[in-house]
file input14.cif (mmCIF, N, CA and C atoms and all ligand atoms)
data_protein
#
loop_
_atom_site.label_atom_id
_atom_site.label_comp_id
_atom_site.auth_asym_id
_atom_site.auth_seq_id
_atom_site.Cartn_x
_atom_site.Cartn_y
_atom_site.Cartn_z
N MET D 21 -18.98 7.67 -16.10
CA MET D 21 -18.19 7.37 -14.91
C MET D 21 -19.14 7.15 -13.74
N SER D 22 -18.81 6.20 -12.89
CA SER D 22 -19.67 5.91 -11.76
C SER D 22 -19.52 6.98 -10.70
N SER D 23 -20.52 7.07 -9.84
CA SER D 23 -20.49 8.08 -8.80
C SER D 23 -19.54 7.65 -7.69
N VAL D 24 -19.22 8.61 -6.84
CA VAL D 24 -18.37 8.31 -5.69
C VAL D 24 -19.01 7.22 -4.85
N ARG D 25 -20.34 7.30 -4.68
CA ARG D 25 -21.01 6.31 -3.85
C ARG D 25 -20.87 4.91 -4.46
N ASP D 26 -20.94 4.83 -5.79
CA ASP D 26 -20.79 3.54 -6.46
C ASP D 26 -19.41 2.94 -6.22
N GLN D 27 -18.45 3.79 -5.92
CA GLN D 27 -17.08 3.33 -5.79
C GLN D 27 -16.70 3.02 -4.35
N GLY D 28 -17.69 2.85 -3.49
CA GLY D 28 -17.42 2.36 -2.15
C GLY D 28 -17.37 3.40 -1.06
N VAL D 29 -17.59 4.66 -1.39
CA VAL D 29 -17.62 5.68 -0.37
C VAL D 29 -19.00 5.65 0.25
N THR D 30 -19.04 5.66 1.57
CA THR D 30 -20.32 5.60 2.25
C THR D 30 -20.68 6.94 2.85
N ASP D 31 -21.96 7.25 2.83
CA ASP D 31 -22.41 8.45 3.52
C ASP D 31 -23.49 8.10 4.53
N SER D 32 -23.57 6.84 4.89
CA SER D 32 -24.56 6.42 5.87
C SER D 32 -24.02 6.62 7.28
N ALA D 33 -24.91 6.56 8.25
CA ALA D 33 -24.50 6.73 9.63
C ALA D 33 -23.56 5.61 10.05
N VAL D 34 -22.59 5.94 10.86
CA VAL D 34 -21.63 4.96 11.36
C VAL D 34 -21.79 4.90 12.87
N SER D 35 -22.01 3.73 13.41
CA SER D 35 -22.26 3.61 14.84
C SER D 35 -21.17 2.82 15.53
N THR D 36 -20.03 2.73 14.90
CA THR D 36 -18.93 1.98 15.49
C THR D 36 -17.84 2.94 15.93
N ASP D 37 -16.83 2.38 16.53
CA ASP D 37 -15.67 3.18 16.91
C ASP D 37 -14.59 3.14 15.84
N ALA D 38 -14.98 2.80 14.64
CA ALA D 38 -14.02 2.73 13.55
C ALA D 38 -13.41 4.09 13.28
N ALA D 39 -12.19 4.07 12.81
CA ALA D 39 -11.58 5.30 12.32
C ALA D 39 -12.34 5.73 11.07
N ILE D 40 -12.53 7.03 10.94
CA ILE D 40 -13.27 7.57 9.81
C ILE D 40 -12.39 8.57 9.07
N VAL D 41 -12.39 8.49 7.76
CA VAL D 41 -11.73 9.49 6.93
C VAL D 41 -12.82 10.21 6.16
N TYR D 42 -12.95 11.50 6.41
CA TYR D 42 -13.84 12.35 5.64
C TYR D 42 -13.02 12.96 4.51
N VAL D 43 -13.41 12.70 3.29
CA VAL D 43 -12.68 13.25 2.15
C VAL D 43 -13.56 14.27 1.45
N CYS D 44 -13.02 15.45 1.23
CA CYS D 44 -13.79 16.49 0.54
C CYS D 44 -13.90 16.13 -0.94
N ILE D 45 -15.12 15.95 -1.38
CA ILE D 45 -15.34 15.54 -2.77
C ILE D 45 -15.50 16.72 -3.72
N THR D 46 -15.48 17.93 -3.17
CA THR D 46 -15.61 19.11 -4.03
C THR D 46 -14.28 19.84 -4.20
N CYS D 47 -13.23 19.32 -3.62
CA CYS D 47 -11.91 19.96 -3.73
C CYS D 47 -11.37 19.86 -5.16
N ARG D 48 -10.62 20.87 -5.52
CA ARG D 48 -9.83 20.83 -6.74
C ARG D 48 -8.47 21.42 -6.41
N HIS D 49 -7.52 21.21 -7.29
CA HIS D 49 -6.18 21.73 -7.05
C HIS D 49 -6.21 23.25 -7.20
N PRO D 50 -5.48 23.96 -6.33
CA PRO D 50 -5.47 25.42 -6.40
C PRO D 50 -5.07 25.90 -7.79
N GLY D 51 -5.80 26.85 -8.31
CA GLY D 51 -5.47 27.44 -9.59
C GLY D 51 -5.94 26.66 -10.79
N GLU D 52 -6.46 25.48 -10.59
CA GLU D 52 -6.95 24.69 -11.72
C GLU D 52 -8.41 24.99 -11.98
N PRO D 53 -8.80 24.94 -13.24
CA PRO D 53 -10.20 25.20 -13.56
C PRO D 53 -11.10 24.08 -13.04
N GLU D 54 -12.37 24.40 -12.94
CA GLU D 54 -13.32 23.38 -12.49
C GLU D 54 -13.39 22.27 -13.51
N SER D 55 -13.44 21.05 -13.04
CA SER D 55 -13.54 19.90 -13.91
C SER D 55 -14.33 18.82 -13.21
N GLU D 56 -14.88 17.93 -13.98
CA GLU D 56 -15.61 16.79 -13.43
C GLU D 56 -14.98 15.50 -13.94
N PRO D 57 -14.76 14.52 -13.14
CA PRO D 57 -15.02 14.56 -11.70
C PRO D 57 -13.98 15.44 -10.99
N ARG D 58 -14.40 16.00 -9.89
CA ARG D 58 -13.48 16.81 -9.10
C ARG D 58 -12.33 15.93 -8.59
N PRO D 59 -11.14 16.49 -8.51
CA PRO D 59 -10.02 15.71 -7.95
C PRO D 59 -10.33 15.18 -6.55
N GLY D 60 -11.10 15.94 -5.78
CA GLY D 60 -11.48 15.46 -4.45
C GLY D 60 -12.31 14.19 -4.52
N ALA D 61 -13.20 14.12 -5.50
CA ALA D 61 -14.02 12.92 -5.66
C ALA D 61 -13.16 11.74 -6.09
N ILE D 62 -12.16 12.01 -6.91
CA ILE D 62 -11.24 10.94 -7.32
C ILE D 62 -10.46 10.44 -6.10
N LEU D 63 -10.01 11.37 -5.26
CA LEU D 63 -9.30 10.98 -4.04
C LEU D 63 -10.23 10.18 -3.13
N ALA D 64 -11.47 10.59 -3.00
CA ALA D 64 -12.41 9.86 -2.14
C ALA D 64 -12.58 8.42 -2.62
N ALA D 65 -12.73 8.27 -3.92
CA ALA D 65 -12.90 6.92 -4.47
C ALA D 65 -11.64 6.08 -4.27
N ALA D 66 -10.48 6.69 -4.46
CA ALA D 66 -9.22 5.96 -4.28
C ALA D 66 -9.03 5.59 -2.81
N THR D 67 -9.47 6.47 -1.92
CA THR D 67 -9.35 6.19 -0.48
C THR D 67 -10.27 5.04 -0.10
N ALA D 68 -11.47 5.05 -0.65
CA ALA D 68 -12.41 3.96 -0.38
C ALA D 68 -11.84 2.63 -0.87
N LYS D 69 -11.23 2.66 -2.02
CA LYS D 69 -10.64 1.42 -2.54
C LYS D 69 -9.50 0.95 -1.64
N ALA D 70 -8.67 1.89 -1.21
CA ALA D 70 -7.55 1.54 -0.33
C ALA D 70 -8.04 1.02 1.02
N ALA D 71 -9.23 1.44 1.42
CA ALA D 71 -9.76 1.06 2.74
C ALA D 71 -10.45 -0.29 2.75
N GLU D 72 -10.67 -0.86 1.59
CA GLU D 72 -11.39 -2.14 1.53
C GLU D 72 -10.73 -3.17 2.44
N GLY D 73 -11.54 -3.73 3.35
CA GLY D 73 -11.05 -4.75 4.26
C GLY D 73 -10.24 -4.25 5.43
N SER D 74 -10.06 -2.94 5.54
CA SER D 74 -9.22 -2.38 6.59
C SER D 74 -9.98 -2.05 7.86
N GLY D 75 -11.28 -1.91 7.76
CA GLY D 75 -12.07 -1.46 8.90
C GLY D 75 -12.19 0.04 8.98
N VAL D 76 -11.45 0.75 8.16
CA VAL D 76 -11.54 2.21 8.12
C VAL D 76 -12.74 2.61 7.26
N VAL D 77 -13.51 3.55 7.77
CA VAL D 77 -14.71 4.01 7.07
C VAL D 77 -14.39 5.31 6.32
N ILE D 78 -14.80 5.38 5.07
CA ILE D 78 -14.56 6.57 4.26
C ILE D 78 -15.90 7.25 4.01
N LYS D 79 -15.94 8.55 4.30
CA LYS D 79 -17.19 9.28 4.13
C LYS D 79 -16.92 10.56 3.32
N PRO D 80 -17.76 10.81 2.33
CA PRO D 80 -17.60 12.04 1.55
C PRO D 80 -18.14 13.24 2.31
N VAL D 81 -17.54 14.38 2.06
CA VAL D 81 -18.04 15.63 2.64
C VAL D 81 -17.85 16.72 1.58
N ARG D 82 -18.79 17.64 1.54
CA ARG D 82 -18.69 18.76 0.60
C ARG D 82 -18.12 19.96 1.33
N CYS D 83 -16.84 20.14 1.20
CA CYS D 83 -16.07 21.28 1.70
C CYS D 83 -15.77 21.18 3.19
N LEU D 84 -14.52 21.30 3.49
CA LEU D 84 -14.01 21.34 4.86
C LEU D 84 -13.48 22.74 5.18
N ALA D 85 -13.84 23.73 4.37
CA ALA D 85 -13.38 25.11 4.56
C ALA D 85 -11.85 25.19 4.55
N ASN D 86 -11.26 24.38 3.72
CA ASN D 86 -9.80 24.37 3.57
C ASN D 86 -9.45 24.48 2.09
N CYS D 87 -10.32 25.15 1.35
CA CYS D 87 -10.33 25.10 -0.12
C CYS D 87 -9.05 25.62 -0.77
N THR D 88 -8.39 26.58 -0.16
CA THR D 88 -7.21 27.17 -0.81
C THR D 88 -5.97 26.30 -0.62
N ARG D 89 -6.10 25.22 0.11
CA ARG D 89 -4.92 24.41 0.42
C ARG D 89 -4.96 23.04 -0.23
N GLY D 90 -5.62 22.96 -1.35
CA GLY D 90 -5.58 21.72 -2.12
C GLY D 90 -6.55 20.68 -1.59
N LEU D 91 -6.39 19.47 -2.08
CA LEU D 91 -7.30 18.41 -1.68
C LEU D 91 -7.20 18.20 -0.18
N SER D 92 -8.37 18.02 0.43
CA SER D 92 -8.44 18.03 1.89
C SER D 92 -9.20 16.84 2.43
N ALA D 93 -8.81 16.46 3.64
CA ALA D 93 -9.48 15.34 4.30
C ALA D 93 -9.29 15.47 5.80
N VAL D 94 -10.14 14.77 6.54
CA VAL D 94 -10.07 14.73 7.99
C VAL D 94 -10.00 13.26 8.41
N VAL D 95 -9.16 12.99 9.40
CA VAL D 95 -9.08 11.65 9.98
C VAL D 95 -9.48 11.77 11.44
N ARG D 96 -10.46 10.96 11.85
CA ARG D 96 -10.92 11.00 13.24
C ARG D 96 -11.23 9.59 13.73
N CYS D 97 -11.24 9.48 15.04
CA CYS D 97 -11.58 8.21 15.69
C CYS D 97 -12.04 8.58 17.10
N ASN D 98 -13.07 7.94 17.58
CA ASN D 98 -13.60 8.24 18.91
C ASN D 98 -12.49 8.19 19.95
N GLY D 99 -12.46 9.21 20.82
CA GLY D 99 -11.49 9.26 21.89
C GLY D 99 -10.11 9.75 21.47
N CYS D 100 -9.97 10.06 20.20
CA CYS D 100 -8.67 10.51 19.66
C CYS D 100 -8.75 11.96 19.20
N TRP D 101 -7.58 12.53 18.97
CA TRP D 101 -7.51 13.82 18.31
C TRP D 101 -8.00 13.65 16.88
N THR D 102 -8.51 14.74 16.33
CA THR D 102 -8.98 14.76 14.95
C THR D 102 -7.98 15.55 14.12
N TYR D 103 -7.65 15.04 12.94
CA TYR D 103 -6.59 15.63 12.12
C TYR D 103 -7.15 16.15 10.80
N VAL D 104 -6.80 17.38 10.49
CA VAL D 104 -7.20 18.01 9.23
C VAL D 104 -5.97 18.08 8.33
N PHE D 105 -6.13 17.60 7.12
CA PHE D 105 -5.03 17.60 6.16
C PHE D 105 -5.41 18.35 4.90
N GLY D 106 -4.41 18.98 4.31
CA GLY D 106 -4.57 19.63 3.01
C GLY D 106 -3.38 19.29 2.14
N GLY D 107 -3.36 19.88 0.95
CA GLY D 107 -2.23 19.65 0.06
C GLY D 107 -2.12 18.21 -0.40
N LEU D 108 -3.21 17.48 -0.34
CA LEU D 108 -3.18 16.08 -0.77
C LEU D 108 -3.29 16.01 -2.28
N ASP D 109 -3.05 14.83 -2.83
CA ASP D 109 -3.30 14.61 -4.26
C ASP D 109 -4.11 13.34 -4.42
N VAL D 110 -4.46 13.04 -5.64
CA VAL D 110 -5.38 11.92 -5.87
C VAL D 110 -4.75 10.56 -5.53
N ALA D 111 -3.45 10.54 -5.32
CA ALA D 111 -2.77 9.28 -4.98
C ALA D 111 -2.64 9.08 -3.47
N CYS D 112 -3.23 9.95 -2.68
CA CYS D 112 -3.04 9.90 -1.22
C CYS D 112 -4.01 8.99 -0.49
N GLY D 113 -4.85 8.26 -1.19
CA GLY D 113 -5.80 7.39 -0.52
C GLY D 113 -5.15 6.40 0.43
N PRO D 114 -4.15 5.65 -0.02
CA PRO D 114 -3.50 4.71 0.90
C PRO D 114 -2.88 5.41 2.12
N ALA D 115 -2.34 6.60 1.93
CA ALA D 115 -1.75 7.33 3.06
C ALA D 115 -2.83 7.68 4.08
N LEU D 116 -3.98 8.10 3.61
CA LEU D 116 -5.07 8.44 4.53
C LEU D 116 -5.52 7.21 5.31
N VAL D 117 -5.61 6.09 4.65
CA VAL D 117 -6.03 4.86 5.33
C VAL D 117 -4.96 4.43 6.33
N ASP D 118 -3.71 4.50 5.93
CA ASP D 118 -2.63 4.15 6.86
C ASP D 118 -2.65 5.06 8.08
N GLY D 119 -2.86 6.35 7.86
CA GLY D 119 -2.93 7.28 8.98
C GLY D 119 -4.11 6.98 9.89
N ALA D 120 -5.23 6.64 9.31
CA ALA D 120 -6.41 6.31 10.12
C ALA D 120 -6.16 5.06 10.95
N ARG D 121 -5.48 4.11 10.37
CA ARG D 121 -5.18 2.88 11.13
C ARG D 121 -4.19 3.17 12.26
N LEU D 122 -3.21 4.02 12.00
CA LEU D 122 -2.28 4.41 13.06
C LEU D 122 -3.03 5.09 14.21
N LEU D 123 -3.95 5.98 13.85
CA LEU D 123 -4.71 6.70 14.87
C LEU D 123 -5.58 5.73 15.67
N ALA D 124 -6.22 4.82 15.00
CA ALA D 124 -7.11 3.88 15.69
C ALA D 124 -6.35 3.00 16.68
N CYS D 125 -5.07 2.80 16.44
CA CYS D 125 -4.26 1.95 17.32
C CYS D 125 -3.47 2.74 18.35
N ALA D 126 -3.58 4.05 18.32
CA ALA D 126 -2.76 4.89 19.20
C ALA D 126 -3.36 4.92 20.61
N ALA D 127 -2.63 4.40 21.58
CA ALA D 127 -3.14 4.34 22.95
C ALA D 127 -3.36 5.73 23.54
N ASP D 128 -2.57 6.71 23.08
CA ASP D 128 -2.71 8.06 23.61
C ASP D 128 -3.63 8.94 22.77
N GLY D 129 -4.22 8.37 21.74
CA GLY D 129 -5.16 9.13 20.91
C GLY D 129 -4.50 10.10 19.96
N ILE D 130 -3.19 10.01 19.83
CA ILE D 130 -2.44 10.92 18.95
C ILE D 130 -1.84 10.12 17.81
N MET D 131 -2.03 10.59 16.60
CA MET D 131 -1.45 9.90 15.45
C MET D 131 0.07 10.01 15.53
N PRO D 132 0.76 8.91 15.65
CA PRO D 132 2.22 8.98 15.82
C PRO D 132 2.91 9.59 14.60
N TRP D 133 3.94 10.37 14.88
CA TRP D 133 4.71 10.97 13.79
C TRP D 133 5.54 9.91 13.09
N ARG D 134 6.14 9.06 13.92
CA ARG D 134 6.94 7.97 13.36
C ARG D 134 6.01 7.01 12.63
N GLY D 135 6.32 6.74 11.41
CA GLY D 135 5.51 5.82 10.62
C GLY D 135 4.36 6.48 9.91
N ARG D 136 4.13 7.77 10.23
CA ARG D 136 3.03 8.47 9.56
C ARG D 136 3.42 8.71 8.10
N PRO D 137 2.54 8.43 7.17
CA PRO D 137 2.86 8.65 5.76
C PRO D 137 3.26 10.12 5.50
N GLN D 138 4.20 10.31 4.59
CA GLN D 138 4.71 11.65 4.30
C GLN D 138 3.62 12.66 3.96
N PRO D 139 2.61 12.30 3.15
CA PRO D 139 1.57 13.32 2.84
C PRO D 139 0.85 13.79 4.09
N LEU D 140 0.82 12.96 5.13
CA LEU D 140 0.14 13.36 6.37
C LEU D 140 1.08 14.09 7.32
N LYS D 141 2.35 14.14 6.98
CA LYS D 141 3.28 14.99 7.71
C LYS D 141 3.29 16.39 7.09
N ARG D 142 3.54 16.45 5.80
CA ARG D 142 3.65 17.77 5.16
C ARG D 142 2.29 18.43 4.98
N GLY D 143 1.22 17.65 4.99
CA GLY D 143 -0.11 18.21 4.74
C GLY D 143 -0.92 18.50 5.98
N LEU D 144 -0.30 18.38 7.16
CA LEU D 144 -1.08 18.62 8.39
C LEU D 144 -1.47 20.09 8.49
N ILE D 145 -2.74 20.35 8.62
CA ILE D 145 -3.27 21.70 8.80
C ILE D 145 -3.55 21.98 10.26
N ALA D 146 -4.21 21.05 10.94
CA ALA D 146 -4.57 21.26 12.35
C ALA D 146 -4.93 19.93 12.97
N ARG D 147 -4.88 19.91 14.28
CA ARG D 147 -5.43 18.79 15.02
C ARG D 147 -6.35 19.37 16.09
N VAL D 148 -7.40 18.63 16.37
CA VAL D 148 -8.45 19.10 17.28
C VAL D 148 -8.59 18.07 18.39
N PRO D 149 -8.61 18.52 19.65
CA PRO D 149 -8.65 17.54 20.73
C PRO D 149 -9.99 16.80 20.81
N PRO D 150 -9.96 15.64 21.46
CA PRO D 150 -11.22 14.90 21.65
C PRO D 150 -12.16 15.65 22.59
N VAL D 151 -13.42 15.27 22.58
CA VAL D 151 -14.48 16.00 23.28
C VAL D 151 -14.14 16.23 24.75
N ASN D 152 -13.69 15.23 25.44
CA ASN D 152 -13.48 15.35 26.89
C ASN D 152 -12.05 15.71 27.26
N PHE D 153 -11.32 16.25 26.31
CA PHE D 153 -9.91 16.57 26.55
C PHE D 153 -9.77 17.69 27.59
N GLU D 154 -8.83 17.50 28.51
CA GLU D 154 -8.45 18.53 29.48
C GLU D 154 -6.94 18.63 29.47
N GLU D 155 -6.39 19.82 29.23
CA GLU D 155 -4.94 19.99 29.24
C GLU D 155 -4.44 19.90 30.68
N LEU D 156 -3.44 19.06 30.90
CA LEU D 156 -2.85 18.97 32.23
C LEU D 156 -1.86 20.11 32.40
N GLU D 157 -1.99 20.86 33.48
CA GLU D 157 -1.09 22.00 33.67
C GLU D 157 0.00 21.67 34.65
S1 LIG Q 1 -13.90 22.44 -1.51
FE1 LIG Q 1 -12.66 21.02 -0.39
S2 LIG Q 1 -12.24 22.12 1.44
FE2 LIG Q 1 -13.57 23.44 0.37
#
call {"tool": "encode", "arguments": {"input": "input14.cif", "output": "structure tokens"}}
result
Amino acid sequence: MSSVRDQGVTDSAVSTDAAIVYVCITCRHPGEPESEPRPGAILAAATAKAAEGSGVVIKPVRCLANCTRGLSAVVRCNGCWTYVFGGLDVACGPALVDGARLLACAADGIMPWRGRPQPLKRGLIARVPPVNFEELE
């Protein structure tokens, strides 16, 4: 079987304002024995395939410290909130790409709930504000 990198996942530096999806390649489903390839690596490869031609960048990461909550990924874009997802499955690649595209187009930097793929609704773990965020009181 080819490696994740062979399947279009990049781990090189990104210098654009593209939306980025970090997919944990070491994730496995809770309670399942270790297996190769890891389900997270399969999800990363599927996400990379779904992202072809979309402008969304897919990057592998080894552990997002969300291990007990199933397959995990992060969607981020400069100037936007960053979203952590869990409970994903190997078929969620297109949902991650769709979510990243929604985020990249969001004028307020928030991934809209309306139109957000279901796995990104039920799998939301946290969102993190952008670097220069200030809460208006
Ligand atoms: S192994 Fe995927 S979040 Fe820890």
call {"tool": "closest_atom_pairs", "arguments": {"input": "input14.cif", "of": "chain D", "to": "ligand LIG 1 (chain Q)", "cutoff": "5 Å", "atoms": "only N, CA and C atoms and all ligand atoms", "output": "JSON lines"}}
result
{"residue": "D:Cys44", "atom": "CA", "partner": "Q:LIG1", "partner_atom": "FE1", "distance": 4.8}
{"residue": "D:Thr46", "atom": "C", "partner": "Q:LIG1", "partner_atom": "S1", "distance": 3.8}
{"residue": "D:Cys47", "atom": "CA", "partner": "Q:LIG1", "partner_atom": "FE1", "distance": 3.6}
{"residue": "D:Cys83", "atom": "CA", "partner": "Q:LIG1", "partner_atom": "FE2", "distance": 3.6}
{"residue": "D:Leu84", "atom": "N", "partner": "Q:LIG1", "partner_atom": "S2", "distance": 3.2}
{"residue": "D:Ala85", "atom": "N", "partner": "Q:LIG1", "partner_atom": "S2", "distance": 3.7}
{"residue": "D:Asn86", "atom": "N", "partner": "Q:LIG1", "partner_atom": "S2", "distance": 3.4}
{"residue": "D:Cys87", "atom": "N", "partner": "Q:LIG1", "partner_atom": "S2", "distance": 3.6}
call {"tool": "atom_distance", "arguments": {"input": "input14.cif", "atom1": "atom N of Arg58 in chain D", "atom2": "atom N of Arg136 in chain D"}}
result
28.6 Å
call {"tool": "closest_residue", "arguments": {"input": "input14.cif", "among": "D:Gly113, D:Gly143, D:Gly106, D:Pro137", "to": "Ile78 in chain D", "atoms": "only C-alpha atoms"}}
result
D:Gly113
call {"tool": "atom_distance", "arguments": {"input": "input14.cif", "atom1": "CA of Ser55 in chain D", "atom2": "atom N of Leu91 in chain D"}}
result
13.8 Å
call {"tool": "atom_distance", "arguments": {"input": "input14.cif", "atom1": "atom N of Gly119 in chain D", "atom2": "atom N of Ala68 in chain D"}}
result
12.2 Å
call {"tool": "residues_around", "arguments": {"input": "input14.cif", "residues": "Arg96 in chain D", "least_positions_apart": "5", "cutoff": "5 Å", "atoms": "only N, CA and C atoms", "output": "list in words"}}
result
Ala39, Ile40 and Thr102 of chain D
call {"tool": "write_last_selection", "arguments": {"input": "input14.cif", "atoms": "N, CA and C atoms", "output": "short mmCIF file (atom, residue, chain, number, x, y, z; two decimals), in the coordinates of the input"}}
result
data_model
loop_
_atom_site.label_atom_id
_atom_site.label_comp_id
_atom_site.auth_asym_id
_atom_site.auth_seq_id
_atom_site.Cartn_x
_atom_site.Cartn_y
_atom_site.Cartn_z
N ALA D 39 -12.19 4.07 12.81
CA ALA D 39 -11.58 5.30 12.32
C ALA D 39 -12.34 5.73 11.07
N ILE D 40 -12.53 7.03 10.94
CA ILE D 40 -13.27 7.57 9.81
C ILE D 40 -12.39 8.57 9.07
N THR D 102 -8.51 14.74 16.33
CA THR D 102 -8.98 14.76 14.95
C THR D 102 -7.98 15.55 14.12
#
call {"tool": "closest_residue", "arguments": {"input": "input14.cif", "among": "D:Gly51, D:Pro150, D:Pro114, D:Gly135", "to": "Cys97 in chain D", "atoms": "only N, CA and C atoms"}}
result
D:Pro150
call {"tool": "select_by_dssp", "arguments": {"input": "input14.cif", "residues": "chain D", "states": "strand (DSSP E)", "output": "list in words"}}
result
Ile40, Val41, Tyr42, Val43, Cys44, Val77, Ile78, Lys79, Pro80, Val81, Leu91, Ser92, Ala93, Val94, Val95, Arg96, Thr102, Tyr103, Val104, Phe105, Gly106, Gly107, Leu108, Leu144, Ile145, Ala146, Arg147 and Val148 of chain D
call {"tool": "residues_around", "arguments": {"input": "input14.cif", "residues": "Leu63 in chain D", "least_positions_apart": "4", "cutoff": "5 Å", "atoms": "all atoms listed in the file", "output": "ChimeraX atom specification"}}
result
/D:59,67,110
call {"tool": "residues_around", "arguments": {"input": "input14.cif", "residues": "Val117 in chain D", "least_positions_apart": "4", "cutoff": "6.5 Å", "atoms": "all atoms listed in the file", "output": "tab-separated table (two decimals) with N, CA and C atoms, in the frame of the given file"}}
result
chain	number	residue	atom	x	y	z
D	67	THR	N	-9.47	6.47	-1.92
D	67	THR	CA	-9.35	6.19	-0.48
D	67	THR	C	-10.27	5.04	-0.10
D	70	ALA	N	-8.67	1.89	-1.21
D	70	ALA	CA	-7.55	1.54	-0.33
D	70	ALA	C	-8.04	1.02	1.02
D	71	ALA	N	-9.23	1.44	1.42
D	71	ALA	CA	-9.76	1.06	2.74
D	71	ALA	C	-10.45	-0.29	2.75
D	112	CYS	N	-3.23	9.95	-2.68
D	112	CYS	CA	-3.04	9.90	-1.22
D	112	CYS	C	-4.01	8.99	-0.49
D	113	GLY	N	-4.85	8.26	-1.19
D	113	GLY	CA	-5.80	7.39	-0.52
D	113	GLY	C	-5.15	6.40	0.43
D	121	ARG	N	-5.48	4.11	10.37
D	121	ARG	CA	-5.18	2.88	11.13
D	121	ARG	C	-4.19	3.17	12.26
D	122	LEU	N	-3.21	4.02	12.00
D	122	LEU	CA	-2.28	4.41	13.06
D	122	LEU	C	-3.03	5.09	14.21
call {"tool": "residues_around", "arguments": {"input": "input14.cif", "residues": "Pro149 in chain D", "least_positions_apart": "6", "cutoff": "8 Å", "atoms": "all atoms listed in the file", "output": "PyMOL selection string"}}
result
chain D and resi 99-103
